[in-house]
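Just entry08.pdb here, PDB, C-alpha atoms, pLDDT in the B column:
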ATOM      1  CA  MET A  29       0.000   0.000   0.000  1.00 81.00           C
ATOM      2  CA  ILE A  30       1.132   3.536  -0.717  1.00 88.00           C
ATOM      3  CA  ASP A  31       0.825   5.917   2.216  1.00 92.00           C
ATOM      4  CA  ARG A  32      -1.157   9.072   1.441  1.00 94.00           C
ATOM      5  CA  LEU A  33       0.752  11.449   3.762  1.00 96.00           C
ATOM      6  CA  PRO A  34       4.012  11.524   1.730  1.00 96.00           C
ATOM      7  CA  VAL A  35       2.006  12.160  -1.460  1.00 97.00           C
ATOM      8  CA  THR A  36       0.056  14.959   0.234  1.00 98.00           C
ATOM      9  CA  GLN A  37       3.262  16.509   1.593  1.00 98.00           C
ATOM     10  CA  ALA A  38       4.868  16.343  -1.864  1.00 98.00           C
ATOM     11  CA  LEU A  39       1.893  18.065  -3.531  1.00 98.00           C
ATOM     12  CA  GLN A  40       1.778  20.658  -0.749  1.00 98.00           C
ATOM     13  CA  ALA A  41       5.492  21.439  -1.227  1.00 98.00           C
ATOM     14  CA  LEU A  42       5.097  21.662  -5.017  1.00 98.00           C
ATOM     15  CA  LEU A  43       2.136  24.068  -4.720  1.00 98.00           C
ATOM     16  CA  GLU A  44       4.090  26.234  -2.249  1.00 97.00           C
ATOM     17  CA  THR A  45       6.992  26.377  -4.703  1.00 97.00           C
ATOM     18  CA  LEU A  46       4.792  27.159  -7.712  1.00 97.00           C
ATOM     19  CA  THR A  47       2.646  29.842  -6.052  1.00 95.00           C
ATOM     20  CA  GLY A  48       5.234  31.306  -3.682  1.00 95.00           C
ATOM     21  CA  TYR A  49       2.561  31.334  -0.949  1.00 94.00           C
ATOM     22  CA  PRO A  50       1.806  29.008   1.969  1.00 96.00           C
ATOM     23  CA  VAL A  51      -0.396  25.931   1.595  1.00 97.00           C
ATOM     24  CA  GLY A  52      -2.509  24.636   4.460  1.00 97.00           C
ATOM     25  CA  ARG A  53      -3.777  21.075   4.618  1.00 97.00           C
ATOM     26  CA  ARG A  54      -7.529  21.158   5.306  1.00 96.00           C
ATOM     27  CA  THR A  55      -7.093  24.412   7.232  1.00 95.00           C
ATOM     28  CA  VAL A  56      -5.712  27.933   6.961  1.00 95.00           C
ATOM     29  CA  PRO A  57      -1.898  27.888   7.060  1.00 96.00           C
ATOM     30  CA  LEU A  58      -0.364  28.971  10.355  1.00 95.00           C
ATOM     31  CA  ASP A  59       2.673  31.100  11.112  1.00 95.00           C
ATOM     32  CA  ALA A  60       5.522  30.041  13.448  1.00 94.00           C
ATOM     33  CA  ASN A  61       3.441  31.158  16.459  1.00 96.00           C
ATOM     34  CA  GLY A  62       0.430  29.055  15.456  1.00 94.00           C
ATOM     35  CA  GLN A  63      -1.586  32.051  14.252  1.00 95.00           C
ATOM     36  CA  PRO A  64      -3.602  31.940  10.989  1.00 93.00           C
ATOM     37  CA  LEU A  65      -1.880  33.603   8.051  1.00 92.00           C
ATOM     38  CA  PRO A  66      -3.832  36.143   5.995  1.00 87.00           C
ATOM     39  CA  PRO A  67      -4.579  35.381   2.333  1.00 88.00           C
ATOM     40  CA  PRO A  68      -3.305  34.828  -0.254  1.00 90.00           C
ATOM     41  CA  TYR A  69      -2.704  31.128   0.377  1.00 94.00           C
ATOM     42  CA  THR A  70      -3.856  27.720  -0.836  1.00 95.00           C
ATOM     43  CA  LEU A  71      -5.972  25.148   0.989  1.00 96.00           C
ATOM     44  CA  LEU A  72      -5.220  21.532   0.053  1.00 97.00           C
ATOM     45  CA  TYR A  73      -7.840  18.856   0.702  1.00 97.00           C
ATOM     46  CA  PRO A  74      -7.195  15.125   0.238  1.00 97.00           C
ATOM     47  CA  LEU A  75     -10.296  13.606  -1.400  1.00 96.00           C
ATOM     48  CA  ASP A  76     -10.885  10.154  -2.929  1.00 94.00           C
ATOM     49  CA  ARG A  77      -8.403   7.311  -3.142  1.00 90.00           C
ATOM     50  CA  THR A  78      -8.276   4.021  -5.033  1.00 91.00           C
ATOM     51  CA  ASP A  79      -5.639   1.335  -4.394  1.00 87.00           C
ATOM     52  CA  SER A  80      -4.413  -1.650  -6.356  1.00 79.00           C
ATOM     53  CA  ASP A  81      -1.880  -3.893  -4.647  1.00 70.00           C
ATOM     54  CA  ASN A  82      -0.160  -6.904  -6.194  1.00 64.00           C
ATOM     55  CA  THR A  83      -2.575  -8.331  -8.714  1.00 61.00           C
ATOM     56  CA  LEU A  84      -1.693 -11.508 -10.620  1.00 58.00           C
ATOM     57  CA  ALA A  85      -0.922  -9.497 -13.748  1.00 61.00           C
ATOM     58  CA  ASP A  86       1.097  -6.788 -12.020  1.00 63.00           C
ATOM     59  CA  ALA A  87       3.144  -7.037  -8.831  1.00 63.00           C
ATOM     60  CA  ALA A  88       3.339  -3.247  -8.420  1.00 70.00           C
ATOM     61  CA  LYS A  89       1.579  -1.318  -5.688  1.00 85.00           C
ATOM     62  CA  CYS A  90      -0.261   1.709  -6.992  1.00 90.00           C
ATOM     63  CA  ALA A  91      -2.826   4.256  -5.937  1.00 92.00           C
ATOM     64  CA  VAL A  92      -4.933   6.940  -7.559  1.00 95.00           C
ATOM     65  CA  LEU A  93      -5.276   9.920  -5.222  1.00 96.00           C
ATOM     66  CA  ASP A  94      -7.561  12.913  -5.682  1.00 97.00           C
ATOM     67  CA  TYR A  95      -6.997  16.353  -4.164  1.00 98.00           C
ATOM     68  CA  GLN A  96      -8.665  19.722  -4.225  1.00 97.00           C
ATOM     69  CA  ALA A  97      -6.616  22.918  -4.094  1.00 96.00           C
ATOM     70  CA  THR A  98      -8.531  26.071  -3.243  1.00 94.00           C
ATOM     71  CA  PHE A  99      -6.551  29.193  -4.142  1.00 93.00           C
ATOM     72  CA  VAL A 100      -7.605  31.998  -1.815  1.00 91.00           C
ATOM     73  CA  SER A 101      -7.100  35.659  -2.664  1.00 89.00           C
ATOM     74  CA  GLY A 102      -7.382  38.308  -0.038  1.00 81.00           C
ATOM     75  CA  PRO A 103      -6.944  41.908   0.988  1.00 76.00           C
ATOM     76  CA  VAL A 104      -3.536  43.518   0.758  1.00 71.00           C
ATOM     77  CA  PRO A 105      -2.000  43.544   4.259  1.00 69.00           C
ATOM     78  CA  GLY A 106      -1.826  47.064   5.646  1.00 76.00           C
ATOM     79  CA  GLN A 107      -4.445  48.431   3.224  1.00 75.00           C
ATOM     80  CA  PRO A 108      -7.724  48.517   5.187  1.00 72.00           C
ATOM     81  CA  ASP A 109     -10.041  49.013   2.196  1.00 71.00           C
ATOM     82  CA  SER A 110      -8.382  46.522  -0.159  1.00 71.00           C
ATOM     83  CA  ARG A 111     -10.165  43.351  -1.192  1.00 72.00           C
ATOM     84  CA  GLY A 112      -9.255  39.997  -2.662  1.00 75.00           C
ATOM     85  CA  GLY A 113      -9.821  39.941  -6.362  1.00 78.00           C
ATOM     86  CA  ASP A 114     -10.472  37.691  -9.302  1.00 81.00           C
ATOM     87  CA  ASP A 115      -7.120  38.596 -10.888  1.00 84.00           C
ATOM     88  CA  GLN A 116      -5.229  37.375  -7.832  1.00 86.00           C
ATOM     89  CA  ALA A 117      -7.318  34.184  -7.544  1.00 87.00           C
ATOM     90  CA  GLN A 118      -6.765  33.396 -11.230  1.00 89.00           C
ATOM     91  CA  TRP A 119      -3.032  34.183 -10.955  1.00 92.00           C
ATOM     92  CA  LEU A 120      -2.743  31.678  -8.095  1.00 93.00           C
ATOM     93  CA  ALA A 121      -4.728  29.068 -10.062  1.00 93.00           C
ATOM     94  CA  ASP A 122      -2.529  29.638 -13.121  1.00 96.00           C
ATOM     95  CA  ARG A 123       0.453  28.715 -10.934  1.00 96.00           C
ATOM     96  CA  GLY A 124      -1.489  25.681  -9.687  1.00 96.00           C
ATOM     97  CA  TRP A 125      -1.993  24.455 -13.257  1.00 97.00           C
ATOM     98  CA  LYS A 126       1.782  24.126 -13.525  1.00 97.00           C
ATOM     99  CA  VAL A 127       1.482  20.916 -11.457  1.00 97.00           C
ATOM    100  CA  VAL A 128       0.492  19.173 -14.718  1.00 97.00           C
ATOM    101  CA  GLU A 129       2.748  21.211 -17.040  1.00 96.00           C
ATOM    102  CA  ARG A 130       4.768  19.122 -19.512  1.00 96.00           C
ATOM    103  CA  PRO A 131       8.216  20.027 -20.839  1.00 95.00           C
ATOM    104  CA  THR A 132       8.037  22.267 -23.911  1.00 94.00           C
ATOM    105  CA  ASP A 133      10.626  20.174 -25.770  1.00 95.00           C
ATOM    106  CA  GLY A 134       8.241  17.189 -25.934  1.00 91.00           C
ATOM    107  CA  SER A 135      10.251  15.023 -23.552  1.00 92.00           C
ATOM    108  CA  SER A 136       8.413  12.727 -21.176  1.00 91.00           C
ATOM    109  CA  GLY A 137       7.454  13.502 -17.618  1.00 93.00           C
ATOM    110  CA  TYR A 138       6.481  16.782 -16.030  1.00 96.00           C
ATOM    111  CA  LEU A 139       8.222  20.135 -15.930  1.00 96.00           C
ATOM    112  CA  HIS A 140       7.960  20.408 -12.135  1.00 97.00           C
ATOM    113  CA  PRO A 141       8.987  17.323 -10.132  1.00 95.00           C
ATOM    114  CA  LEU A 142       6.703  15.822  -7.521  1.00 97.00           C
ATOM    115  CA  THR A 143       9.123  14.156  -5.115  1.00 96.00           C
ATOM    116  CA  ILE A 144       7.469  11.348  -3.138  1.00 96.00           C
ATOM    117  CA  PRO A 145       9.681   9.162  -0.922  1.00 95.00           C
ATOM    118  CA  GLY A 146       9.303   5.503  -1.943  1.00 92.00           C
ATOM    119  CA  ALA A 147       6.995   6.230  -4.860  1.00 94.00           C
ATOM    120  CA  GLY A 148       6.711   7.969  -8.205  1.00 94.00           C
ATOM    121  CA  CYS A 149       3.839   9.805  -9.846  1.00 95.00           C
ATOM    122  CA  TYR A 150       3.606   8.521 -13.414  1.00 94.00           C
ATOM    123  CA  HIS A 151       0.507  10.496 -14.485  1.00 95.00           C
ATOM    124  CA  ARG A 152      -1.182  13.707 -13.310  1.00 97.00           C
ATOM    125  CA  GLU A 153      -4.546  15.197 -14.213  1.00 97.00           C
ATOM    126  CA  ALA A 154      -6.191  18.483 -13.275  1.00 97.00           C
ATOM    127  CA  ARG A 155      -9.564  20.076 -13.816  1.00 96.00           C
ATOM    128  CA  GLU A 156     -10.911  23.404 -12.724  1.00 89.00           C
ATOM    129  CA  ALA A 157     -13.886  23.055 -10.423  1.00 81.00           C
ATOM    130  CA  GLY A 158     -14.875  26.714 -10.310  1.00 71.00           C
ATOM    131  CA  GLY A 159     -14.560  29.000  -7.333  1.00 65.00           C
ATOM    132  CA  THR A 160     -16.459  31.007  -4.784  1.00 65.00           C
ATOM    133  CA  SER A 161     -16.492  34.458  -3.359  1.00 62.00           C
ATOM    134  CA  ASP A 162     -17.271  35.719   0.105  1.00 58.00           C
ATOM    135  CA  GLN A 163     -17.915  39.425  -0.153  1.00 55.00           C
ATOM    136  CA  ASN A 164     -18.070  39.774   3.639  1.00 58.00           C
ATOM    137  CA  ASP A 165     -14.488  38.547   3.995  1.00 57.00           C
ATOM    138  CA  ALA A 166     -13.239  40.218   0.806  1.00 60.00           C
ATOM    139  CA  ILE A 167     -12.053  36.796  -0.371  1.00 70.00           C
ATOM    140  CA  ILE A 168     -12.370  35.219  -3.821  1.00 79.00           C
ATOM    141  CA  THR A 169     -11.242  31.675  -4.604  1.00 84.00           C
ATOM    142  CA  SER A 170     -10.458  29.486  -7.565  1.00 89.00           C
ATOM    143  CA  VAL A 171     -10.466  25.672  -7.320  1.00 93.00           C
ATOM    144  CA  ILE A 172      -8.478  22.950  -9.108  1.00 96.00           C
ATOM    145  CA  ARG A 173      -8.976  19.226  -8.551  1.00 96.00           C
ATOM    146  CA  TYR A 174      -5.955  17.006  -9.119  1.00 97.00           C
ATOM    147  CA  ARG A 175      -5.772  13.265  -9.746  1.00 97.00           C
ATOM    148  CA  LEU A 176      -2.363  11.685  -9.151  1.00 97.00           C
ATOM    149  CA  TYR A 177      -1.442   8.185 -10.319  1.00 95.00           C
ATOM    150  CA  VAL A 178       1.269   6.906  -7.988  1.00 95.00           C
ATOM    151  CA  GLU A 179       3.288   3.693  -8.075  1.00 92.00           C
ATOM    152  CA  ALA A 180       5.664   2.317  -5.438  1.00 90.00           C
ATOM    153  CA  SER A 181       9.332   2.618  -6.366  1.00 86.00           C
ATOM    154  CA  ALA A 182      11.196  -0.611  -7.011  1.00 69.00           C
TER     155      ALA A 182
END
As a first step, turn the structure in this file into structure tokens.
Amino acid sequence: MIDRLPVTQALQALLETLTGYPVGRRTVPLDANGQPLPPPYTLLYPLDRTDSDNTLADAAKCAVLDYQATFVSGPVPGQPDSRGGDDQAQWLADRGWKVVERPTDGSSGYLHPLTIPGAGCYHREAREAGGTSDQNDAIITSVIRYRLYVEASA
């Protein structure tokens, strides 16, 4: 069986690298003092999972793991009347799409590595699931759902 936590941590690290902003798992990211960080940030939710371990035709252990990334825009810190905006939410989502970006030279694999201890991700899919806005909080979001096909390393 492939453990989910290392896959989740790998995707979290990749999204942090691609967006340049913190990523919280199922909750708002926290600072070093345990306080919630203000937007912008990403919320990463593990969703469905399917496993296939050691069938007669294939001795490999593999899993298909689904995630949702919610890219949260927000007010500009220090500017009391600023609000999160669609441009910022879409900019964050554009960075999130790079998870599935292929090399421009046509070579195999993905442009941005997803490093999972003891496993490799041989296929990645993404689809945009829309977004929401909360005018009271001045926050606008964009959502991408990822499907990762992971196989245990030999």
Exercise. Smallest atom-to-atom distance to Ile144 in chain A: which of A:Glu44, A:Leu120, A:Gln37, A:Met29, using all atoms listed in the file?
Worked result: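 Once distances to Ile144 in chain A are computed over all atoms listed in the file, the minimum belongs to A:Gln37.
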Problem set entry | Pick from A:Pro57, A:Pro50, A:Pro108, A:Gly148, whichever lies nearest to Glu179 in chain A using only C-alpha atoms | A:Gly148
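Comparing the minimum interatomic distances between Gly113 in chain A and each of A:Val127, A:Leu93, A:Leu71, A:Ile167, counting only C-alpha atoms, we find that A:Ile167 sits nearest.
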For this session: Check the smallest atom-to-atom distance from each of A:Ala91, A:Val51, A:Ala41, A:Ala157 to Val178 in chain A using only C-alpha atoms, then report the winner.
Result: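 Looking at the shortest contact to Val178 in chain A, the residue is A:Ala91.
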Go through the shown structure with the PyMOL selection byres ((chain A and resi 60-67) around 9) and write out the matching residues as a PDB file with C-alpha atoms, keeping the file's coordinate frame.
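New file expr.pdb:
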ATOM      1  CA  TYR A  49       2.561  31.334  -0.949  1.00 94.00           C
ATOM      2  CA  PRO A  50       1.806  29.008   1.969  1.00 96.00           C
ATOM      3  CA  VAL A  56      -5.712  27.933   6.961  1.00 95.00           C
ATOM      4  CA  PRO A  57      -1.898  27.888   7.060  1.00 96.00           C
ATOM      5  CA  LEU A  58      -0.364  28.971  10.355  1.00 95.00           C
ATOM      6  CA  ASP A  59       2.673  31.100  11.112  1.00 95.00           C
ATOM      7  CA  PRO A  68      -3.305  34.828  -0.254  1.00 90.00           C
ATOM      8  CA  TYR A  69      -2.704  31.128   0.377  1.00 94.00           C
ATOM      9  CA  THR A  70      -3.856  27.720  -0.836  1.00 95.00           C
ATOM     10  CA  VAL A 100      -7.605  31.998  -1.815  1.00 91.00           C
ATOM     11  CA  SER A 101      -7.100  35.659  -2.664  1.00 89.00           C
ATOM     12  CA  GLY A 102      -7.382  38.308  -0.038  1.00 81.00           C
ATOM     13  CA  PRO A 103      -6.944  41.908   0.988  1.00 76.00           C
ATOM     14  CA  VAL A 104      -3.536  43.518   0.758  1.00 71.00           C
ATOM     15  CA  PRO A 105      -2.000  43.544   4.259  1.00 69.00           C
ATOM     16  CA  GLY A 112      -9.255  39.997  -2.662  1.00 75.00           C
ATOM     17  CA  ILE A 167     -12.053  36.796  -0.371  1.00 70.00           C
TER      18      ILE A 167
END
